[in-house]
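Chemist: The structure under discussion is supplied below as structure tokens; questions concerning it will follow.
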Amino acid sequence: MAYHQLKGIERRQHKRYQAKENLIVYDSEGFGQVENISMGGLRFRVLRSRDYILPPSFNIGLLCAEAKTYFDNLPCQLVSITPSTQLEQPARMTRSVQVGIKFIDLTMLQQKQLSSFITMNKLNTSKNNASTSLQAMRLELCGNQMLFNVAT
């Protein structure tokens with residue numbers, strides 16, 4: 001199917017969710033704010049020096065203090081970097097960028113954990129669902145492994 005025939009139609013493989021405001025992404029260089037997330041990847045905003053270059057692939061972690069959850073060592077690949085703004089003096093060497101990444105080589109366990117993590121940390125659009133995911137799941141942290149137990 002030609003591109004012009006797909007105009008206006010969502011072409012992503014995975015449904016994208018708006019992230020809660022306090023969902024943080026981190027890597028070896030610092031922290032950023034997640035804007036949206038899916039099973040395929042995420043987009044986040046971060047402040048970095050103007051000369052900073054992300055490697056083609058790296059690991060990230062996700063943290064949500066409100067839900068007391070984190071997810072560490074997610075392998076990902078850089079998809080896009082879009083400069084947003086350059087800050088005024090004296091920080092003119094710093095810029096805000098939007099970074100798009102896709103998850104790569106996730107194990108079945110990581111995929112299951114990511115799905116649960118997204119459910120717990122996406123912005124709810126329905127008032128009826130406001131706290132359902134937090135009531136339905138209990139998170140256990142075991143070292144660097146993160147295990148979810150679904151309450152029955």
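Residue numbering restarts at 1 for every chain of the structure tokens, chains are lettered A, B, ... in their displayed order, and ligands are numbered from 1 as they appear.
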Determine, counting only C-alpha atoms, which protein, DNA and RNA residues have an atom within 8 Å of an atom of range 45-54 of chain A; residues of the same chain fewer than 3 positions away are not included. Present the result as a PyMOL selection string.
Modeler: chain A and resi 31-35+78+93-99
Chemist: Store the residues of this selection in a file with N, CA and C atoms, as a PDB file, in the first residue's frame.
Modeler:
ATOM      1  N   PHE A  31      18.642  11.876  33.537  1.00  0.00           N
ATOM      2  CA  PHE A  31      17.216  11.602  33.624  1.00  0.00           C
ATOM      3  C   PHE A  31      16.440  12.433  32.606  1.00  0.00           C
ATOM      4  N   GLY A  32      15.256  11.933  32.225  1.00  0.00           N
ATOM      5  CA  GLY A  32      14.362  12.666  31.345  1.00  0.00           C
ATOM      6  C   GLY A  32      12.922  12.325  31.691  1.00  0.00           C
ATOM      7  N   GLN A  33      11.977  13.051  31.086  1.00  0.00           N
ATOM      8  CA  GLN A  33      10.556  12.835  31.344  1.00  0.00           C
ATOM      9  C   GLN A  33       9.943  12.087  30.164  1.00  0.00           C
ATOM     10  N   VAL A  34       9.291  10.958  30.456  1.00  0.00           N
ATOM     11  CA  VAL A  34       8.636  10.166  29.420  1.00  0.00           C
ATOM     12  C   VAL A  34       7.375  10.891  28.977  1.00  0.00           C
ATOM     13  N   GLU A  35       7.204  11.043  27.661  1.00  0.00           N
ATOM     14  CA  GLU A  35       6.005  11.689  27.119  1.00  0.00           C
ATOM     15  C   GLU A  35       4.961  10.653  26.718  1.00  0.00           C
ATOM     16  N   LEU A  78      18.196   3.875  19.342  1.00  0.00           N
ATOM     17  CA  LEU A  78      17.825   5.241  19.024  1.00  0.00           C
ATOM     18  C   LEU A  78      17.050   5.285  17.706  1.00  0.00           C
ATOM     19  N   MET A  93      24.574  26.483  26.292  1.00  0.00           N
ATOM     20  CA  MET A  93      25.202  25.256  25.811  1.00  0.00           C
ATOM     21  C   MET A  93      24.318  24.037  26.083  1.00  0.00           C
ATOM     22  N   THR A  94      23.167  24.262  26.675  1.00  0.00           N
ATOM     23  CA  THR A  94      22.228  23.186  26.987  1.00  0.00           C
ATOM     24  C   THR A  94      21.000  23.327  26.105  1.00  0.00           C
ATOM     25  N   ARG A  95      20.451  22.196  25.696  1.00  0.00           N
ATOM     26  CA  ARG A  95      19.226  22.223  24.894  1.00  0.00           C
ATOM     27  C   ARG A  95      18.281  21.134  25.365  1.00  0.00           C
ATOM     28  N   SER A  96      17.011  21.380  25.110  1.00  0.00           N
ATOM     29  CA  SER A  96      15.986  20.385  25.381  1.00  0.00           C
ATOM     30  C   SER A  96      15.782  19.595  24.095  1.00  0.00           C
ATOM     31  N   VAL A  97      15.797  18.273  24.209  1.00  0.00           N
ATOM     32  CA  VAL A  97      15.598  17.430  23.032  1.00  0.00           C
ATOM     33  C   VAL A  97      14.518  16.393  23.318  1.00  0.00           C
ATOM     34  N   GLN A  98      13.800  16.004  22.267  1.00  0.00           N
ATOM     35  CA  GLN A  98      12.883  14.880  22.335  1.00  0.00           C
ATOM     36  C   GLN A  98      13.610  13.694  21.722  1.00  0.00           C
ATOM     37  N   VAL A  99      13.592  12.584  22.426  1.00  0.00           N
ATOM     38  CA  VAL A  99      14.287  11.384  21.969  1.00  0.00           C
ATOM     39  C   VAL A  99      13.265  10.272  21.769  1.00  0.00           C
TER      40      VAL A  99
END
Chemist: Assign secondary structure with DSSP using the backbone only, and return the residues of range 16-96 of chain A in strand (DSSP E) as a PyMOL selection string.
Modeler: chain A and resi 17-18+23-27+30-37+41-49+57-64+69-86+94-96
Chemist: Those residues you just picked out, can you put them in a file as a PDB file, in the first residue's frame with C-alpha atoms?
Modeler:
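File produced: result_0.pdb:
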ATOM      1  CA  TYR A  17      -0.131   5.649  25.664  1.00  0.00           C
ATOM      2  CA  GLN A  18       0.366   9.065  27.189  1.00  0.00           C
ATOM      3  CA  LEU A  23       7.275   8.773  34.758  1.00  0.00           C
ATOM      4  CA  ILE A  24      11.045   9.185  34.483  1.00  0.00           C
ATOM      5  CA  VAL A  25      13.505   7.564  32.080  1.00  0.00           C
ATOM      6  CA  TYR A  26      17.181   7.289  32.983  1.00  0.00           C
ATOM      7  CA  ASP A  27      20.397   6.167  31.349  1.00  0.00           C
ATOM      8  CA  GLY A  30      20.996  11.367  33.388  1.00  0.00           C
ATOM      9  CA  PHE A  31      17.216  11.602  33.624  1.00  0.00           C
ATOM     10  CA  GLY A  32      14.362  12.666  31.345  1.00  0.00           C
ATOM     11  CA  GLN A  33      10.556  12.835  31.344  1.00  0.00           C
ATOM     12  CA  VAL A  34       8.636  10.166  29.420  1.00  0.00           C
ATOM     13  CA  GLU A  35       6.005  11.689  27.119  1.00  0.00           C
ATOM     14  CA  ASN A  36       4.483   8.512  25.694  1.00  0.00           C
ATOM     15  CA  ILE A  37       5.136   4.782  25.830  1.00  0.00           C
ATOM     16  CA  GLY A  41       9.286   2.017  22.511  1.00  0.00           C
ATOM     17  CA  LEU A  42       8.856   5.468  23.982  1.00  0.00           C
ATOM     18  CA  ARG A  43       9.477   9.170  23.517  1.00  0.00           C
ATOM     19  CA  PHE A  44      11.017  11.325  26.213  1.00  0.00           C
ATOM     20  CA  ARG A  45      12.230  14.882  26.740  1.00  0.00           C
ATOM     21  CA  VAL A  46      15.611  15.579  28.290  1.00  0.00           C
ATOM     22  CA  LEU A  47      18.097  18.421  28.824  1.00  0.00           C
ATOM     23  CA  ARG A  48      21.522  17.659  27.367  1.00  0.00           C
ATOM     24  CA  SER A  49      24.628  19.560  26.348  1.00  0.00           C
ATOM     25  CA  SER A  57      21.910   1.352  21.149  1.00  0.00           C
ATOM     26  CA  PHE A  58      21.961   1.555  24.943  1.00  0.00           C
ATOM     27  CA  ASN A  59      20.046   0.502  28.070  1.00  0.00           C
ATOM     28  CA  ILE A  60      17.503   2.602  29.920  1.00  0.00           C
ATOM     29  CA  GLY A  61      15.553   2.381  33.130  1.00  0.00           C
ATOM     30  CA  LEU A  62      12.059   3.622  33.950  1.00  0.00           C
ATOM     31  CA  LEU A  63      10.991   4.989  37.314  1.00  0.00           C
ATOM     32  CA  CYS A  64       7.622   6.064  38.729  1.00  0.00           C
ATOM     33  CA  THR A  69       7.853   1.030  40.570  1.00  0.00           C
ATOM     34  CA  TYR A  70      10.946   0.846  38.442  1.00  0.00           C
ATOM     35  CA  PHE A  71      12.085  -1.183  35.482  1.00  0.00           C
ATOM     36  CA  ASP A  72      15.820  -1.425  34.813  1.00  0.00           C
ATOM     37  CA  ASN A  73      18.147  -2.547  31.992  1.00  0.00           C
ATOM     38  CA  LEU A  74      15.792  -2.255  29.022  1.00  0.00           C
ATOM     39  CA  PRO A  75      17.797  -2.585  25.791  1.00  0.00           C
ATOM     40  CA  CYS A  76      16.817   0.007  23.206  1.00  0.00           C
ATOM     41  CA  GLN A  77      17.827   1.565  19.930  1.00  0.00           C
ATOM     42  CA  LEU A  78      17.825   5.241  19.024  1.00  0.00           C
ATOM     43  CA  VAL A  79      15.123   6.159  16.500  1.00  0.00           C
ATOM     44  CA  SER A  80      15.119   9.967  16.545  1.00  0.00           C
ATOM     45  CA  ILE A  81      16.433  13.069  18.287  1.00  0.00           C
ATOM     46  CA  THR A  82      14.568  16.329  17.770  1.00  0.00           C
ATOM     47  CA  PRO A  83      16.015  19.520  19.276  1.00  0.00           C
ATOM     48  CA  SER A  84      13.237  21.416  21.028  1.00  0.00           C
ATOM     49  CA  THR A  85      14.742  24.608  22.411  1.00  0.00           C
ATOM     50  CA  GLN A  86      18.071  26.155  23.211  1.00  0.00           C
ATOM     51  CA  THR A  94      22.228  23.186  26.987  1.00  0.00           C
ATOM     52  CA  ARG A  95      19.226  22.223  24.894  1.00  0.00           C
ATOM     53  CA  SER A  96      15.986  20.385  25.381  1.00  0.00           C
TER      54      SER A  96
END
Chemist: Quick one, how far is CA of Ala19 in chain A from CA of Asn121 in chain A?
Modeler: 6.4 Å
Chemist: With only C-alpha atoms as the basis for distance, which of A:Lys122, A:Met108, A:Ser116, A:Lys15 is at the shortest distance from Gly40 in chain A?
Modeler: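 Distance minimum relative to Gly40 in chain A lands on A:Lys15.
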Chemist: Using only C-alpha atoms, pick whichever of A:Ser28, A:Asn22, A:Arg16, A:Ser38 has the shortest atom-to-atom distance to Ser115 in chain A.
Modeler: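 Among the listed residues, the smallest separation from Ser115 in chain A belongs to A:Ser38.
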Chemist: Could you please determine the separation between CA of Asn124 in chain A and CA of Leu106 in chain A in Å, to one decimal place?
Modeler: 25.5 Å
